[in-house]
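Shown next: entry30.pdb, given as PDB, C-alpha atoms.
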```pdb
ATOM      1  CA  MET A 224      37.698  22.150   4.164
ATOM      2  CA  SER A 225      34.673  24.430   4.229
ATOM      3  CA  ASP A 226      31.056  23.325   4.662
ATOM      4  CA  PHE A 227      29.914  26.166   2.416
ATOM      5  CA  VAL A 228      27.636  24.987  -0.379
ATOM      6  CA  PRO A 229      26.880  27.650  -2.983
ATOM      7  CA  ALA A 230      23.203  28.324  -3.690
ATOM      8  CA  PRO A 231      21.971  27.450  -7.177
ATOM      9  CA  PRO A 232      22.065  30.405  -9.542
ATOM     10  CA  ASN A 233      18.912  32.527  -9.591
ATOM     11  CA  ILE A 234      17.919  32.522 -13.247
ATOM     12  CA  ALA A 235      15.338  35.099 -14.194
ATOM     13  CA  PRO A 236      12.323  33.889 -16.194
ATOM     14  CA  GLN A 237      12.579  34.679 -19.858
ATOM     15  CA  ASP A 238       9.932  36.790 -21.562
ATOM     16  CA  ASP A 239       8.642  34.893 -24.619
ATOM     17  CA  GLY A 240       6.856  37.946 -25.991
ATOM     18  CA  SER A 241       3.402  36.828 -24.843
ATOM     19  CA  GLY A 242       3.330  39.398 -22.040
ATOM     20  CA  VAL A 243       2.981  36.613 -19.461
ATOM     21  CA  VAL A 244       5.913  36.077 -17.148
ATOM     22  CA  PRO A 245       6.018  32.475 -15.956
ATOM     23  CA  GLN A 246       5.999  31.981 -12.200
ATOM     24  CA  PRO A 247       8.723  29.861 -10.637
ATOM     25  CA  VAL A 248       7.678  26.270 -10.034
ATOM     26  CA  GLN A 249       7.498  25.361  -6.353
ATOM     27  CA  ASP A 250       7.540  21.872  -4.948
ATOM     28  CA  ALA A 251       4.362  20.723  -3.268
ATOM     29  CA  PRO A 252       4.654  21.112   0.496
ATOM     30  CA  SER A 253       5.286  17.904   2.396
ATOM     31  CA  PRO A 254       2.497  16.817   4.681
ATOM     32  CA  ALA A 255       3.177  17.472   8.347
ATOM     33  CA  PRO A 256       4.093  14.372  10.343
ATOM     34  CA  ILE A 257       1.336  12.871  12.473
ATOM     35  CA  THR A 258       1.719  13.751  16.135
ATOM     36  CA  GLU A 259       1.168  11.401  19.074
ATOM     37  CA  GLN A 260      -1.926  13.427  19.995
ATOM     38  CA  GLU A 261      -3.420  12.847  16.534
ATOM     39  CA  VAL A 262      -2.676   9.119  16.784
ATOM     40  CA  GLY A 263      -4.420   9.044  20.153
ATOM     41  CA  GLU A 264      -7.503  10.623  18.608
ATOM     42  CA  TYR A 265      -8.060   7.590  16.361
ATOM     43  CA  ARG A 266     -10.204   4.866  17.820
ATOM     44  CA  GLU A 267      -8.547   1.497  18.280
ATOM     45  CA  GLN A 268     -10.924  -0.092  15.772
ATOM     46  CA  ASP A 269      -9.770   2.430  13.169
ATOM     47  CA  ARG A 270      -6.065   1.718  13.715
ATOM     48  CA  PHE A 271      -5.996  -2.064  14.063
ATOM     49  CA  LEU A 272      -7.173  -5.061  12.073
ATOM     50  CA  PRO A 273     -10.268  -6.700  13.569
ATOM     51  CA  ILE A 274      -9.253  -8.961  16.459
ATOM     52  CA  ALA A 275     -11.535 -11.749  15.152
ATOM     53  CA  ASN A 276      -9.594 -11.886  11.871
ATOM     54  CA  VAL A 277      -6.244 -11.901  13.678
ATOM     55  CA  SER A 278      -7.489 -14.617  16.022
ATOM     56  CA  ARG A 279      -8.703 -16.794  13.125
ATOM     57  CA  ILE A 280      -5.341 -16.550  11.372
ATOM     58  CA  MET A 281      -3.459 -17.327  14.582
ATOM     59  CA  LYS A 282      -5.670 -20.355  15.306
ATOM     60  CA  GLY A 283      -4.929 -21.702  11.839
ATOM     61  CA  SER A 284      -1.214 -21.692  12.652
ATOM     62  CA  VAL A 285      -1.317 -23.713  15.876
ATOM     63  CA  PRO A 286      -2.592 -27.197  16.747
ATOM     64  CA  ALA A 287      -6.348 -27.431  17.362
ATOM     65  CA  THR A 288      -5.735 -28.188  21.043
ATOM     66  CA  ALA A 289      -3.654 -25.032  21.600
ATOM     67  CA  LYS A 290      -5.134 -21.988  23.267
ATOM     68  CA  ILE A 291      -4.180 -18.389  22.545
ATOM     69  CA  SER A 292      -4.512 -15.773  25.276
ATOM     70  CA  LYS A 293      -6.341 -12.502  24.752
ATOM     71  CA  GLU A 294      -3.080 -10.683  25.469
ATOM     72  CA  ALA A 295      -1.277 -12.630  22.718
ATOM     73  CA  LYS A 296      -4.047 -11.866  20.206
ATOM     74  CA  GLU A 297      -3.952  -8.152  21.055
ATOM     75  CA  CYS A 298      -0.164  -8.092  20.780
ATOM     76  CA  VAL A 299      -0.215  -9.717  17.340
ATOM     77  CA  GLN A 300      -3.106  -7.458  16.307
ATOM     78  CA  GLU A 301      -1.037  -4.382  17.109
ATOM     79  CA  CYS A 302       2.112  -5.797  15.474
ATOM     80  CA  VAL A 303       0.494  -6.794  12.180
ATOM     81  CA  SER A 304      -1.372  -3.497  11.970
ATOM     82  CA  GLU A 305       1.888  -1.609  12.462
ATOM     83  CA  PHE A 306       3.645  -3.842   9.909
ATOM     84  CA  ILE A 307       0.965  -3.156   7.301
ATOM     85  CA  SER A 308       1.188   0.583   7.967
ATOM     86  CA  PHE A 309       4.984   0.456   7.715
ATOM     87  CA  ILE A 310       4.989  -1.340   4.355
ATOM     88  CA  THR A 311       2.101   0.720   2.962
ATOM     89  CA  SER A 312       3.765   3.980   3.974
ATOM     90  CA  GLU A 313       6.924   3.054   2.064
ATOM     91  CA  ALA A 314       4.891   2.027  -0.990
ATOM     92  CA  ALA A 315       2.862   5.257  -0.810
ATOM     93  CA  GLU A 316       6.062   7.289  -0.676
ATOM     94  CA  LYS A 317       7.254   5.594  -3.878
ATOM     95  CA  CYS A 318       3.924   6.327  -5.574
ATOM     96  CA  GLN A 319       4.034   9.939  -4.440
ATOM     97  CA  MET A 320       7.542  10.370  -5.888
ATOM     98  CA  GLU A 321       6.289   8.898  -9.174
ATOM     99  CA  LYS A 322       3.190  11.141  -9.042
ATOM    100  CA  ARG A 323       0.786   8.197  -8.891
ATOM    101  CA  LYS A 324      -2.232   7.853  -6.625
ATOM    102  CA  THR A 325      -2.786   4.099  -6.625
ATOM    103  CA  ILE A 326      -0.566   1.661  -4.730
ATOM    104  CA  GLY A 327      -0.201  -1.606  -6.632
ATOM    105  CA  GLY A 328       1.156  -5.029  -5.813
ATOM    106  CA  GLU A 329       4.542  -4.190  -7.321
ATOM    107  CA  ASP A 330       4.775  -1.142  -5.037
ATOM    108  CA  ILE A 331       4.206  -3.342  -1.985
ATOM    109  CA  LEU A 332       6.902  -5.761  -3.185
ATOM    110  CA  TYR A 333       9.295  -2.841  -3.744
ATOM    111  CA  ALA A 334       8.585  -1.546  -0.232
ATOM    112  CA  MET A 335       9.193  -4.944   1.322
ATOM    113  CA  VAL A 336      12.560  -5.322  -0.403
ATOM    114  CA  THR A 337      13.519  -1.736   0.449
ATOM    115  CA  LEU A 338      12.687  -2.303   4.124
ATOM    116  CA  GLY A 339      14.632  -5.562   4.335
ATOM    117  CA  PHE A 340      11.877  -8.149   3.939
ATOM    118  CA  GLU A 341      13.306  -9.758   0.781
ATOM    119  CA  ASN A 342      12.437 -13.296   1.900
ATOM    120  CA  TYR A 343       8.765 -12.410   2.253
ATOM    121  CA  ALA A 344       8.767 -10.388  -0.953
ATOM    122  CA  GLU A 345       9.864 -13.433  -2.966
ATOM    123  CA  THR A 346       6.957 -15.477  -1.607
ATOM    124  CA  LEU A 347       4.508 -12.645  -2.239
ATOM    125  CA  LYS A 348       5.817 -12.262  -5.790
ATOM    126  CA  ILE A 349       4.697 -15.848  -6.451
ATOM    127  CA  HIS A 350       1.284 -15.196  -4.881
ATOM    128  CA  LEU A 351       0.879 -11.992  -6.890
ATOM    129  CA  ALA A 352       1.616 -13.878 -10.119
ATOM    130  CA  LYS A 353      -0.937 -16.571  -9.188
ATOM    131  CA  LEU A 354      -3.518 -13.908  -8.306
ATOM    132  CA  ARG A 355      -3.027 -12.277 -11.698
ATOM    133  CA  GLN A 356      -3.462 -15.641 -13.453
ATOM    134  CA  VAL A 357      -6.698 -16.336 -11.583
ATOM    135  CA  SER A 358      -7.947 -12.808 -12.293
ATOM    136  CA  ALA A 359      -7.202 -13.208 -16.002
ATOM    137  CA  ARG A 360      -9.069 -16.529 -16.072
ATOM    138  CA  LEU A 361     -12.013 -14.985 -14.248
ATOM    139  CA  VAL A 362     -12.182 -12.114 -16.738
ATOM    140  CA  ALA A 363     -12.038 -14.571 -19.651
ATOM    141  CA  TRP A 364     -14.674 -16.828 -18.064
ATOM    142  CA  THR A 365     -16.975 -13.845 -17.446
ATOM    143  CA  ALA A 366     -16.626 -12.700 -21.066
ATOM    144  CA  VAL A 367     -17.456 -16.187 -22.388
ATOM    145  CA  THR A 368     -20.428 -16.524 -20.032
ATOM    146  CA  GLU A 369     -21.800 -13.121 -21.027
ATOM    147  CA  SER A 370     -21.468 -13.901 -24.733
ATOM    148  CA  ARG A 371     -23.338 -17.185 -24.236
ATOM    149  CA  LEU A 372     -26.099 -15.367 -22.381
ATOM    150  CA  TRP A 373     -26.442 -12.971 -25.306
ATOM    151  CA  GLU A 374     -26.640 -15.920 -27.699
ATOM    152  CA  VAL A 375     -29.411 -17.515 -25.626
ATOM    153  CA  GLU A 376     -31.366 -14.266 -25.420
ATOM    154  CA  GLU A 377     -31.054 -13.657 -29.173
ATOM    155  CA  SER A 378     -32.352 -17.109 -30.135
TER
END
```

Target encoding structure tokens, full file:
Amino acid sequence: MSDFVPAPPNIAPQDDGSGVVPQPVQDAPSPAPITEQEVGEYREQDRFLPIANVSRIMKGSVPATAKISKEAKECVQECVSEFISFITSEAAEKCQMEKRKTIGGEDILYAMVTLGFENYAETLKIHLAKLRQVSARLVAWTAVTESRLWEVEES
């Protein structure tokens, strides 16, 4: 069996009589991968979540009497930052394929399932639904409050 794969036929552009010959459509070039040197050029504070935030979250997960070493905090800081980058990169790839510029909650859920984090995605799906409910209530409350302010100002 041969590994030869025939090239797609080269079809010449058709002249529609306008005198303009359409140019062949080319795919957008893929961005070059980031090198280790480029990663090294970023400051630590630009690559990682703030250590104070990581520490606060960790402290909330252990008994009040427990202590967490600086080394443990830095390790978790690096891990969660990498995890976020990993998930976001997958979501961004999906958006790029769909020619969209904004990553949404559904894109993050898709990325988590795609990368094997289904258990977490189910929990986040519930939180996303609750967030949308709260946001809808806030929008409605703001609209009602603004209309009441207008009524007060008009009277």

Seminar exercise, completed: Separating CA of Leu347 (chain A) from CA of Arg279 (chain A), to the nearest tenth of an Å, is a gap of 20.7 Å

Problem set entry | Distance in Å - CA of Pro286 (chain A) versus CA of Glu305 (chain A) | 26.3 Å

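If you measure from each of A:Lys348, A:Asn342, A:Glu316, A:Arg355 to Glu329 (chain A) using all atoms listed in the file, the closest one turns out to be A:Lys348.
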
Problem set entry | Picked residues, the PyMOL selection byres ((chain A and resi 301) around 10), as a list in words | Glu267, Arg270, Phe271, Leu272, Ile274, Val277, Ala295, Lys296, Glu297, Cys298, Val299, Gln300, Cys302, Val303, Ser304, Glu305 and Phe306 of chain A

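The shortest atom-to-atom distance to Met335 (chain A), with all atoms listed in the file taken into account, belongs to A:Ser308 out of A:Arg360, A:Ser308, A:Val367, A:Met320.
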
For this session: Would you mind listing what lies within 9 Å of Ile326 (chain A) as a PyMOL selection string, with only C-alpha atoms counted and same-chain residues fewer than 2 positions away left out?
Result: chain A and resi 311+314-315+317-318+323-324+328-331

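We find CA of Tyr343 (chain A) and CA of Ile307 (chain A) to be spaced 13.1 Å apart.
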
What are the centre and the three edge lengths of an axis-aligned box that wraps all atoms of region 309-322 of chain A in the file, given that 6 Å is added to every side, written as AutoDock Vina command-line options and rounded to one decimal in Å?
```
--center_x 4.8 --center_y 4.9 --center_z -0.7 --size_x 17.4 --size_y 24.5 --size_z 28.9
```
